[in-house]
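Asker: Okay, so here is structure-v5.cif, and as you'll see once you scroll down, it has mmCIF, C-alpha atoms and all ligand atoms.
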```cif
data_work
loop_
_atom_site.label_atom_id
_atom_site.label_comp_id
_atom_site.auth_asym_id
_atom_site.auth_seq_id
_atom_site.Cartn_x
_atom_site.Cartn_y
_atom_site.Cartn_z
CA MET U 1 0.00 0.00 0.00
CA ASN U 2 1.21 3.52 -0.79
CA ASN U 3 1.63 6.13 1.88
CA ILE U 4 -0.98 8.84 1.45
CA ILE U 5 0.47 10.85 4.37
CA GLU U 6 4.14 11.02 5.38
CA VAL U 7 5.15 13.00 8.44
CA ARG U 8 8.84 13.51 9.11
CA GLU U 9 10.52 15.08 12.15
CA LEU U 10 7.52 17.31 12.68
CA ASN U 11 7.84 19.91 15.43
CA LYS U 12 5.65 22.65 16.82
CA THR U 13 6.87 24.92 19.58
CA TYR U 14 4.88 27.70 21.24
CA LYS U 15 7.33 29.99 23.03
CA ASP U 16 8.84 27.56 25.57
CA LYS U 17 6.20 24.83 25.10
CA THR U 18 6.87 21.93 22.72
CA ALA U 19 3.43 20.79 21.62
CA VAL U 20 4.68 18.34 18.96
CA ASP U 21 8.11 16.85 19.50
CA SER U 22 9.80 15.55 16.36
CA ILE U 23 7.26 12.94 15.30
CA ASP U 24 7.43 10.58 12.32
CA PHE U 25 4.63 8.46 10.94
CA ASP U 26 2.95 7.32 7.73
CA VAL U 27 -0.69 6.76 6.90
CA LYS U 28 -1.37 4.17 4.20
CA GLU U 29 -3.77 4.77 1.38
CA GLY U 30 -7.23 3.33 2.14
CA GLU U 31 -6.68 2.64 5.83
CA ILE U 32 -8.53 3.90 8.87
CA PHE U 33 -5.87 5.50 11.04
CA GLY U 34 -6.88 6.12 14.65
CA PHE U 35 -5.10 8.96 16.41
CA LEU U 36 -5.48 8.79 20.19
CA GLY U 37 -4.07 10.56 23.19
CA PRO U 38 -4.97 12.32 26.43
CA ASN U 39 -5.89 16.02 26.52
CA GLY U 40 -2.98 18.22 25.63
CA ALA U 41 -1.04 15.37 23.98
CA GLY U 42 -0.58 17.35 20.77
CA LYS U 43 -3.20 15.69 18.54
CA SER U 44 -4.99 18.85 17.38
CA THR U 45 -1.71 20.62 16.79
CA THR U 46 -0.54 17.70 14.62
CA ILE U 47 -3.79 17.51 12.67
CA ASN U 48 -3.88 21.28 12.15
CA MET U 49 -0.38 21.12 10.69
CA ILE U 50 -1.28 18.19 8.43
CA CYS U 51 -4.35 20.09 7.21
CA THR U 52 -2.22 23.22 6.53
CA MET U 53 -4.14 25.28 9.10
CA LEU U 54 -1.01 25.73 11.21
CA ALA U 55 2.62 26.17 10.13
CA PRO U 56 5.10 23.69 11.63
CA THR U 57 8.15 25.00 13.48
CA SER U 58 10.15 22.42 11.52
CA GLY U 59 9.74 19.11 9.72
CA SER U 60 7.90 17.98 6.63
CA ILE U 61 4.46 16.65 5.73
CA THR U 62 3.56 15.06 2.41
CA ILE U 63 -0.06 14.39 1.54
CA ASN U 64 -1.11 12.70 -1.67
CA GLY U 65 2.36 13.48 -3.01
CA PHE U 66 2.08 17.19 -2.22
CA ASP U 67 4.37 19.11 0.11
CA GLY U 68 2.41 20.59 3.03
CA ASN U 69 4.78 23.56 3.28
CA LYS U 70 4.71 24.48 -0.41
CA ASP U 71 1.67 23.01 -2.18
CA ARG U 72 -0.99 24.06 0.32
CA ARG U 73 -3.71 24.49 -2.25
CA ASP U 74 -3.19 20.94 -3.59
CA VAL U 75 -3.06 19.54 -0.06
CA ARG U 76 -6.36 21.22 0.75
CA LYS U 77 -7.95 19.78 -2.36
CA SER U 78 -6.78 16.35 -1.26
CA ILE U 79 -8.43 16.42 2.17
CA GLY U 80 -11.88 16.71 3.71
CA ILE U 81 -12.37 17.68 7.35
CA ILE U 82 -15.32 16.82 9.57
CA PHE U 83 -14.99 19.05 12.61
CA GLN U 84 -16.22 18.19 16.06
CA GLU U 85 -18.52 21.22 16.19
CA ASN U 86 -21.50 21.51 13.90
CA THR U 87 -20.44 23.94 11.16
CA LEU U 88 -23.58 23.69 9.04
CA ASP U 89 -25.82 26.67 8.40
CA GLU U 90 -28.97 25.63 10.25
CA LYS U 91 -31.23 28.07 8.40
CA LEU U 92 -30.30 26.65 5.01
CA THR U 93 -31.51 23.38 3.52
CA ALA U 94 -29.21 20.38 3.16
CA LYS U 95 -28.83 21.10 -0.55
CA GLU U 96 -28.06 24.78 0.00
CA ASN U 97 -25.37 23.89 2.53
CA LEU U 98 -23.76 21.57 0.01
CA MET U 99 -24.04 24.15 -2.77
CA LEU U 100 -22.19 26.70 -0.62
CA HIS U 101 -19.40 24.23 -0.07
CA CYS U 102 -19.19 23.44 -3.81
CA ARG U 103 -18.59 27.15 -4.44
CA PHE U 104 -16.03 27.29 -1.69
CA TYR U 105 -14.12 24.36 -3.17
CA ASN U 106 -14.57 25.47 -6.78
CA VAL U 107 -16.46 22.36 -7.84
CA PRO U 108 -17.30 23.20 -11.49
CA ARG U 109 -20.80 24.65 -11.82
CA SER U 110 -21.84 21.98 -14.33
CA LYS U 111 -20.89 19.18 -11.92
CA ARG U 112 -22.45 20.55 -8.72
CA LYS U 113 -25.95 19.04 -8.93
CA GLU U 114 -24.67 15.62 -9.83
CA ARG U 115 -22.03 15.63 -7.12
CA ILE U 116 -24.51 16.80 -4.46
CA GLN U 117 -26.89 14.00 -5.40
CA GLU U 118 -24.03 11.51 -5.22
CA VAL U 119 -22.90 12.47 -1.73
CA LEU U 120 -26.47 12.67 -0.44
CA MET U 121 -26.98 9.12 -1.65
CA ILE U 122 -23.88 7.93 0.19
CA VAL U 123 -25.29 9.17 3.50
CA ASP U 124 -28.95 8.36 2.74
CA LEU U 125 -30.22 11.94 2.83
CA VAL U 126 -31.58 12.35 -0.70
CA ASP U 127 -35.17 12.63 0.54
CA GLU U 128 -34.20 15.30 3.06
CA LYS U 129 -32.29 17.59 0.73
CA GLU U 130 -34.95 20.33 0.57
CA ASN U 131 -35.37 20.43 4.36
CA ARG U 132 -33.72 22.96 6.60
CA VAL U 133 -30.87 21.64 8.72
CA GLU U 134 -32.51 23.00 11.91
CA THR U 135 -35.14 20.28 11.53
CA PHE U 136 -32.51 17.49 11.44
CA SER U 137 -31.57 15.13 14.27
CA GLY U 138 -27.98 15.10 15.57
CA GLY U 139 -27.20 11.98 13.53
CA MET U 140 -28.62 13.48 10.32
CA LYS U 141 -26.50 16.61 10.79
CA ARG U 142 -23.39 14.49 11.20
CA ARG U 143 -24.23 12.56 8.04
CA LEU U 144 -24.72 15.81 6.16
CA GLU U 145 -21.37 17.04 7.39
CA ILE U 146 -19.76 13.84 6.16
CA ALA U 147 -21.48 14.34 2.79
CA ARG U 148 -20.16 17.88 2.66
CA GLY U 149 -16.64 16.70 3.45
CA LEU U 150 -16.83 14.37 0.44
CA LEU U 151 -18.02 16.88 -2.17
CA HIS U 152 -14.62 17.59 -3.66
CA TYR U 153 -13.50 13.93 -3.85
CA PRO U 154 -10.93 14.11 -1.05
CA LYS U 155 -8.35 11.34 -0.79
CA VAL U 156 -8.20 11.64 3.00
CA LEU U 157 -11.07 12.42 5.35
CA PHE U 158 -10.22 13.80 8.80
CA LEU U 159 -12.86 12.89 11.34
CA ASP U 160 -12.51 14.67 14.66
CA GLU U 161 -14.63 12.85 17.25
CA PRO U 162 -17.24 12.06 14.57
CA THR U 163 -19.79 10.64 16.99
CA VAL U 164 -19.33 12.74 20.11
CA GLY U 165 -22.61 13.58 21.82
CA LEU U 166 -24.64 11.10 19.75
CA ASP U 167 -26.64 8.23 21.24
CA PRO U 168 -25.22 4.69 20.83
CA GLN U 169 -27.64 3.72 18.06
CA THR U 170 -26.84 6.81 16.00
CA ARG U 171 -23.14 6.29 16.64
CA ALA U 172 -23.40 2.77 15.22
CA HIS U 173 -25.28 4.16 12.24
CA ILE U 174 -22.61 6.80 11.51
CA TRP U 175 -19.97 4.08 11.63
CA GLU U 176 -21.85 2.07 9.05
CA TYR U 177 -21.60 5.03 6.68
CA ILE U 178 -17.94 5.57 7.44
CA LEU U 179 -17.13 1.91 6.79
CA ARG U 180 -19.15 1.97 3.61
CA LEU U 181 -17.09 4.94 2.44
CA LYS U 182 -13.88 3.10 3.12
CA GLU U 183 -15.06 -0.03 1.28
CA LYS U 184 -16.71 1.64 -1.68
CA GLU U 185 -14.74 4.80 -2.26
CA GLY U 186 -11.39 3.68 -0.82
CA ILE U 187 -11.08 6.91 1.13
CA THR U 188 -8.39 7.06 3.80
CA MET U 189 -9.77 8.04 7.21
CA PHE U 190 -7.80 9.88 9.85
CA LEU U 191 -9.81 9.51 13.02
CA THR U 192 -9.68 10.93 16.51
CA THR U 193 -12.04 9.55 19.13
CA HIS U 194 -12.36 9.07 22.85
CA TYR U 195 -14.60 6.04 22.36
CA LEU U 196 -12.14 3.18 22.32
CA ASP U 197 -14.70 0.69 21.05
CA GLU U 198 -14.87 2.92 17.98
CA ALA U 199 -11.10 3.13 17.70
CA GLU U 200 -11.15 -0.69 17.32
CA ILE U 201 -12.39 -0.10 13.81
CA SER U 202 -9.01 1.38 12.88
CA ASP U 203 -6.55 -0.60 10.81
CA ARG U 204 -3.79 1.05 12.81
CA ILE U 205 -3.70 3.27 15.86
CA ALA U 206 -1.13 5.83 16.96
CA ILE U 207 -1.10 6.89 20.61
CA MET U 208 0.34 10.33 21.27
CA ASP U 209 1.40 11.72 24.64
CA HIS U 210 3.53 14.73 25.62
CA GLY U 211 4.07 15.63 21.96
CA LYS U 212 5.44 12.22 20.96
CA ILE U 213 4.01 9.12 19.31
CA ILE U 214 4.48 6.50 22.01
CA ALA U 215 2.85 3.52 20.28
CA MET U 216 1.66 2.69 16.79
CA ASP U 217 0.27 -0.61 15.54
CA SER U 218 -2.95 -2.48 14.76
CA PRO U 219 -5.45 -2.66 17.67
CA GLU U 220 -4.81 -6.42 17.88
CA ASN U 221 -1.04 -6.08 18.08
CA LEU U 222 -1.31 -3.26 20.63
CA LYS U 223 -3.48 -5.45 22.84
CA ASN U 224 -1.09 -8.35 22.38
CA THR U 225 1.78 -6.22 23.69
CA LEU U 226 0.03 -6.39 27.06
CA GLY U 227 -0.03 -10.17 26.73
CA GLY U 228 -2.20 -12.78 28.38
CA ASP U 229 -5.22 -12.08 30.53
CA ILE U 230 -6.43 -9.53 33.03
CA ILE U 231 -7.91 -10.90 36.24
CA GLU U 232 -10.10 -8.55 38.24
CA LEU U 233 -10.81 -9.59 41.79
CA SER U 234 -12.11 -8.28 45.06
CA THR U 235 -11.55 -9.84 48.44
CA GLN U 236 -12.57 -9.26 52.03
CA ASP U 237 -9.19 -7.59 52.62
CA ASN U 238 -7.60 -6.30 49.39
CA GLU U 239 -4.48 -4.93 51.04
CA LYS U 240 -3.65 -8.30 52.59
CA ALA U 241 -4.55 -10.13 49.37
CA MET U 242 -2.23 -7.93 47.31
CA LEU U 243 0.67 -8.59 49.66
CA GLU U 244 -0.03 -12.30 49.49
CA ILE U 245 -0.19 -12.32 45.64
CA GLN U 246 2.98 -10.25 45.34
CA ALA U 247 4.81 -12.63 47.66
CA LYS U 248 3.58 -15.82 45.96
CA ALA U 249 3.55 -14.62 42.33
CA PRO U 250 6.06 -11.82 41.82
CA GLU U 251 5.75 -12.22 38.02
CA ALA U 252 2.15 -10.93 38.02
CA GLU U 253 1.66 -7.20 37.48
CA VAL U 254 -0.60 -6.11 40.33
CA THR U 255 -2.48 -2.81 40.54
CA SER U 256 -5.62 -1.75 42.34
CA LYS U 257 -8.28 0.85 41.88
CA GLU U 258 -11.16 1.49 44.25
CA ASP U 259 -12.10 -1.97 45.55
CA ILE U 260 -10.76 -4.01 42.64
CA ILE U 261 -7.35 -5.66 42.29
CA TYR U 262 -6.11 -6.00 38.69
CA LEU U 263 -3.62 -8.72 37.79
CA LYS U 264 -1.94 -8.89 34.41
CA VAL U 265 -0.83 -12.49 33.86
CA ALA U 266 0.39 -14.64 30.97
CA SER U 267 -2.34 -17.23 31.49
CA SER U 268 -5.32 -16.91 33.77
CA ASP U 269 -5.92 -20.70 33.89
CA ALA U 270 -2.58 -21.47 35.46
CA PHE U 271 -2.74 -18.45 37.71
CA ILE U 272 -6.17 -19.17 39.10
CA SER U 273 -5.52 -22.84 39.79
CA GLU U 274 -2.18 -22.11 41.42
CA PHE U 275 -2.71 -18.91 43.37
CA ILE U 276 -6.22 -17.54 43.45
CA LYS U 277 -7.86 -20.78 44.61
CA ASN U 278 -5.39 -20.99 47.49
CA LEU U 279 -5.65 -17.35 48.50
CA GLU U 280 -5.99 -17.05 52.28
CA VAL U 281 -8.23 -13.97 52.08
CA PRO U 282 -11.77 -14.92 50.94
CA LEU U 283 -12.75 -13.77 47.43
CA THR U 284 -15.89 -11.70 46.87
CA ARG U 285 -15.57 -11.17 43.09
CA LEU U 286 -13.62 -12.68 40.21
CA ASN U 287 -13.61 -11.70 36.55
CA ILE U 288 -11.22 -12.70 33.76
CA ARG U 289 -10.90 -10.83 30.50
CA LYS U 290 -8.57 -10.12 27.60
CA PRO U 291 -6.87 -6.71 27.47
CA THR U 292 -8.91 -3.98 25.79
CA LEU U 293 -7.75 -0.83 24.03
CA ASN U 294 -8.51 1.00 27.26
CA ASP U 295 -5.91 -1.18 29.02
CA VAL U 296 -3.49 -0.36 26.20
CA PHE U 297 -4.18 3.36 26.56
CA LEU U 298 -3.81 3.15 30.33
CA SER U 299 -0.60 1.16 30.07
CA PHE U 300 1.04 3.61 27.64
CA THR U 301 -0.23 6.92 29.01
CA GLY U 302 -0.90 6.08 32.65
CA ARG U 303 -4.35 7.58 32.20
CA ASN U 304 -7.80 6.24 31.53
CA ILE U 305 -9.18 7.62 28.28
CA ALA U 306 -12.59 8.21 29.89
CA SER U 307 -10.99 10.86 32.11
CA THR U 308 -9.74 12.74 29.04
CA GLU U 309 -13.07 12.97 27.23
CA PRO U 310 -13.93 16.08 25.25
CA ASP U 311 -16.93 18.21 26.15
CA LYS U 312 -20.19 16.77 24.94
CA GLN U 313 -22.11 18.87 22.46
N1 LIG I 1 -1.86 28.43 20.48
C1 LIG I 1 -1.22 27.85 21.48
N2 LIG I 1 -0.37 28.53 22.28
C2 LIG I 1 0.29 27.92 23.27
N3 LIG I 1 0.18 26.62 23.58
C3 LIG I 1 -0.65 25.88 22.84
C4 LIG I 1 -1.41 26.44 21.75
N4 LIG I 1 -2.14 25.44 21.19
C5 LIG I 1 -1.88 24.32 21.90
N5 LIG I 1 -0.98 24.58 22.88
C6 LIG I 1 -0.43 23.61 23.85
O1 LIG I 1 0.13 22.53 23.13
C7 LIG I 1 -0.14 21.28 23.77
C8 LIG I 1 -0.85 20.36 22.79
O2 LIG I 1 -2.19 20.83 22.58
P1 LIG I 1 -3.22 20.12 21.57
O3 LIG I 1 -4.42 20.99 21.52
O4 LIG I 1 -2.53 19.81 20.31
O5 LIG I 1 -3.53 18.77 22.35
P2 LIG I 1 -4.65 17.68 22.05
O6 LIG I 1 -3.98 16.37 22.14
O7 LIG I 1 -5.35 17.98 20.79
O8 LIG I 1 -5.64 17.86 23.26
P3 LIG I 1 -7.27 17.75 23.30
O9 LIG I 1 -7.58 16.29 23.30
O10 LIG I 1 -7.59 18.40 24.61
O11 LIG I 1 -7.81 18.50 22.14
C9 LIG I 1 -0.96 21.62 25.02
O12 LIG I 1 -0.08 21.68 26.11
C10 LIG I 1 -1.54 22.97 24.70
O13 LIG I 1 -1.73 23.71 25.90
#
```
Go ahead and render the structure in this file as structure tokens.
Ligand SMILES: Nc1ncnc2c1ncn2[C@@H]1O[C@H](COP(=O)(O)OP(=O)(O)OP(=O)(O)O)[C@@H](O)[C@H]1O
Answerer:
Amino acid sequence: MNNIIEVRELNKTYKDKTAVDSIDFDVKEGEIFGFLGPNGAGKSTTINMICTMLAPTSGSITINGFDGNKDRRDVRKSIGIIFQENTLDEKLTAKENLMLHCRFYNVPRSKRKERIQEVLMIVDLVDEKENRVETFSGGMKRRLEIARGLLHYPKVLFLDEPTVGLDPQTRAHIWEYILRLKEKEGITMFLTTHYLDEAEISDRIAIMDHGKIIAMDSPENLKNTLGGDIIELSTQDNEKAMLEIQAKAPEAEVTSKEDIIYLKVASSDAFISEFIKNLEVPLTRLNIRKPTLNDVFLSFTGRNIASTEPDKQ
């Protein structure tokens, strides 16, 4: 697969603050690339530089073969951006909103109607095109924004928290459209989200923290780096139980939060039969699971992604 985005030694410094610290990464054509990180990690700064909205302090960005520092106009033609905030004109109809965008992006006059119809079909809004946006549900607005982002045939679509503030059913619906776009149109997606179940959809994920990319791989491989199983247990005396586990099984990684002890082990079967069954402190709860992306995020950043959520709309 070709690289549609290449970022090399990219830096952004604000006075004495390094927001992006010499990062390198590639995004492959046609993939969904998840870009995660806690608040203040440097994600927005990176995306703004890739989208030519912010000048880098140093480093290079190539998108669709164009140089982000020199060929800004061509870079902008190559990308579509779906912002977190609703940027539609509520008083206009769906069609009028799209028409405005066509003018903005210089879509040839003769092609506008056809292109608008095409993108409305992709997001199932053809029957709503004459209705004002103010009458739309949150999910319909998001779909219209996605349609608008597609009007000029972008090669890469940037989706900033595409489902924030939407109910679970609508979120699932939006994802169906996004996946359909990837399958049918082969568009590359650059995604930021705080919903890690949604990030699972990514072909690859980069985790950013303190201005650096600290991990980058497929969701599966990232989870595998944590290895084995996670055992969650509660006992009648967690402090005593933790001491006992640490003494008997120093190889297990033991942490605790509130009234739950978390054990990261290579194999839960062996661990339970050898140690947990013989624990002197009585158990009150036991749960075994595979690592999730949230465990990956926690392990790399030391923070839970839920505590770094953006404001809901
Ligand atoms: N214009 C600016 N002037 C000074 N510092 C800035 C500016 N913009 C961002 N920063 C700082 O750069 C760092 C990275 O910010 P950035 O907005 O890129 O993080 P983020 O990962 O997108 O966070 P969030 O998830 O909260 O949007 C932060 O410490 C932020 O305070």
Asker: Quick one: residues within 12 Å of Ala247 of chain U, only C-alpha atoms, excluding same-chain residues fewer than 6 positions away - as a CSV table (one decimal) with C-alpha atoms, in the frame of the given file?
Answerer:
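Dumped everything to selection.csv:
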```csv
chain,number,residue,atom,x,y,z
U,240,LYS,CA,-3.6,-8.3,52.6
U,241,ALA,CA,-4.6,-10.1,49.4
U,253,GLU,CA,1.7,-7.2,37.5
U,254,VAL,CA,-0.6,-6.1,40.3
U,275,PHE,CA,-2.7,-18.9,43.4
U,279,LEU,CA,-5.6,-17.4,48.5
```
Asker: Enumerate, in order of chain and increasing residue number, the residues of chain U with an atom no farther than 12 Å from ligand LIG 1 (chain I), each with its shortest atom pair and distance in Å to one decimal, counting all atoms listed in the file, as a tab-separated table.
Answerer:
```
residue	atom	partner	partner_atom	distance
U:Asn11	CA	I:LIG1	O1	11.2
U:Lys12	CA	I:LIG1	O1	8.4
U:Thr13	CA	I:LIG1	N3	8.0
U:Tyr14	CA	I:LIG1	C2	5.0
U:Lys15	CA	I:LIG1	C2	7.3
U:Asp16	CA	I:LIG1	C2	8.9
U:Lys17	CA	I:LIG1	N3	6.5
U:Thr18	CA	I:LIG1	O1	6.8
U:Ala19	CA	I:LIG1	O1	4.0
U:Val20	CA	I:LIG1	C8	7.0
U:Asp21	CA	I:LIG1	C8	10.2
U:Phe35	CA	I:LIG1	O6	9.4
U:Leu36	CA	I:LIG1	O6	8.0
U:Gly37	CA	I:LIG1	O6	5.9
U:Pro38	CA	I:LIG1	O9	5.7
U:Asn39	CA	I:LIG1	O10	3.5
U:Gly40	CA	I:LIG1	O5	3.4
U:Ala41	CA	I:LIG1	O6	3.6
U:Gly42	CA	I:LIG1	O4	3.2
U:Lys43	CA	I:LIG1	O6	3.7
U:Ser44	CA	I:LIG1	O7	3.5
U:Thr45	CA	I:LIG1	O4	3.7
U:Thr46	CA	I:LIG1	O4	6.4
U:Ile47	CA	I:LIG1	O4	8.1
U:Asn48	CA	I:LIG1	O4	8.4
U:Met49	CA	I:LIG1	O4	9.9
U:Leu54	CA	I:LIG1	N1	9.7
U:Ala55	CA	I:LIG1	N1	11.5
U:Phe83	CA	I:LIG1	O11	11.9
U:Gln84	CA	I:LIG1	O11	10.4
U:Asp160	CA	I:LIG1	O11	9.6
U:Glu161	CA	I:LIG1	O9	9.9
U:Thr192	CA	I:LIG1	O9	8.9
U:Thr193	CA	I:LIG1	O9	9.1
U:His194	CA	I:LIG1	O9	8.7
U:Ile207	CA	I:LIG1	O6	10.0
U:Met208	CA	I:LIG1	O6	7.5
U:Asp209	CA	I:LIG1	O6	7.5
U:His210	CA	I:LIG1	C8	7.7
U:Gly211	CA	I:LIG1	C8	6.9
U:Lys212	CA	I:LIG1	O6	10.4
U:Ile213	CA	I:LIG1	O6	11.2
U:Ile305	CA	I:LIG1	O9	10.1
U:Ala306	CA	I:LIG1	O9	11.6
U:Ser307	CA	I:LIG1	O9	10.9
U:Thr308	CA	I:LIG1	O9	7.1
U:Glu309	CA	I:LIG1	O9	7.5
U:Pro310	CA	I:LIG1	O9	6.6
U:Asp311	CA	I:LIG1	O10	9.5
```
Asker: Return as lines of an AutoDock Vina configuration file the centre and edge lengths, in Å with one decimal, of the box along x, y and z that encloses every atom of segment 195-211 of chain U in the file, padded by 6 Å per side.
Answerer:
```
center_x = -5.4
center_y = 7.5
center_z = 18.2
size_x = 30.9
size_y = 28.3
size_z = 26.8
```
Asker: Between atom CA of Val123 of chain U and atom CA of Ile146 of chain U, measure the distance and give it in Å to one decimal.
Answerer: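 One can read the atom CA of Val123 of chain U to atom CA of Ile146 of chain U distance as 7.7 Å.
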Asker: Hey, what's within 8 Å of segment 286-294 of chain U if we count all atoms listed in the file and toss same-chain stuff fewer than 4 positions away? As a list in words, please?
Answerer: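 In the requested form, the answer reads Leu196, Asp197, Glu200, Pro219, Leu222, Lys223, Asn224, Leu226, Gly227, Gly228, Asp229, Ile230, Ile231, Glu232, Leu233, Ser234, Ser268, Leu298, Asn304 and Ile305 of chain U.
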Asker: If I take atom CA of Phe66 of chain U and atom CA of Glu6 of chain U, how far is one from the other in Å, to one decimal?
Answerer: 10.0 Å
Asker: Just give me the gap between atom CA of Thr93 of chain U and atom CA of Val133 of chain U in Å, one decimal is fine.
Answerer: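 About the pair atom CA of Thr93 of chain U and atom CA of Val133 of chain U: they are 5.5 Å apart.
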Asker: How close does segment 101-206 of chain U get to segment 56-64 of chain U? List, as CSV, each residue of segment 101-206 of chain U within 10 Å, its nearest atom pair and the distance in Å to one decimal, counting all atoms listed in the file.
Answerer:
```
residue,atom,partner,partner_atom,distance
U:Pro154,CA,U:Asn64,CA,9.9
U:Lys155,CA,U:Asn64,CA,7.4
U:Val156,CA,U:Asn64,CA,8.6
```
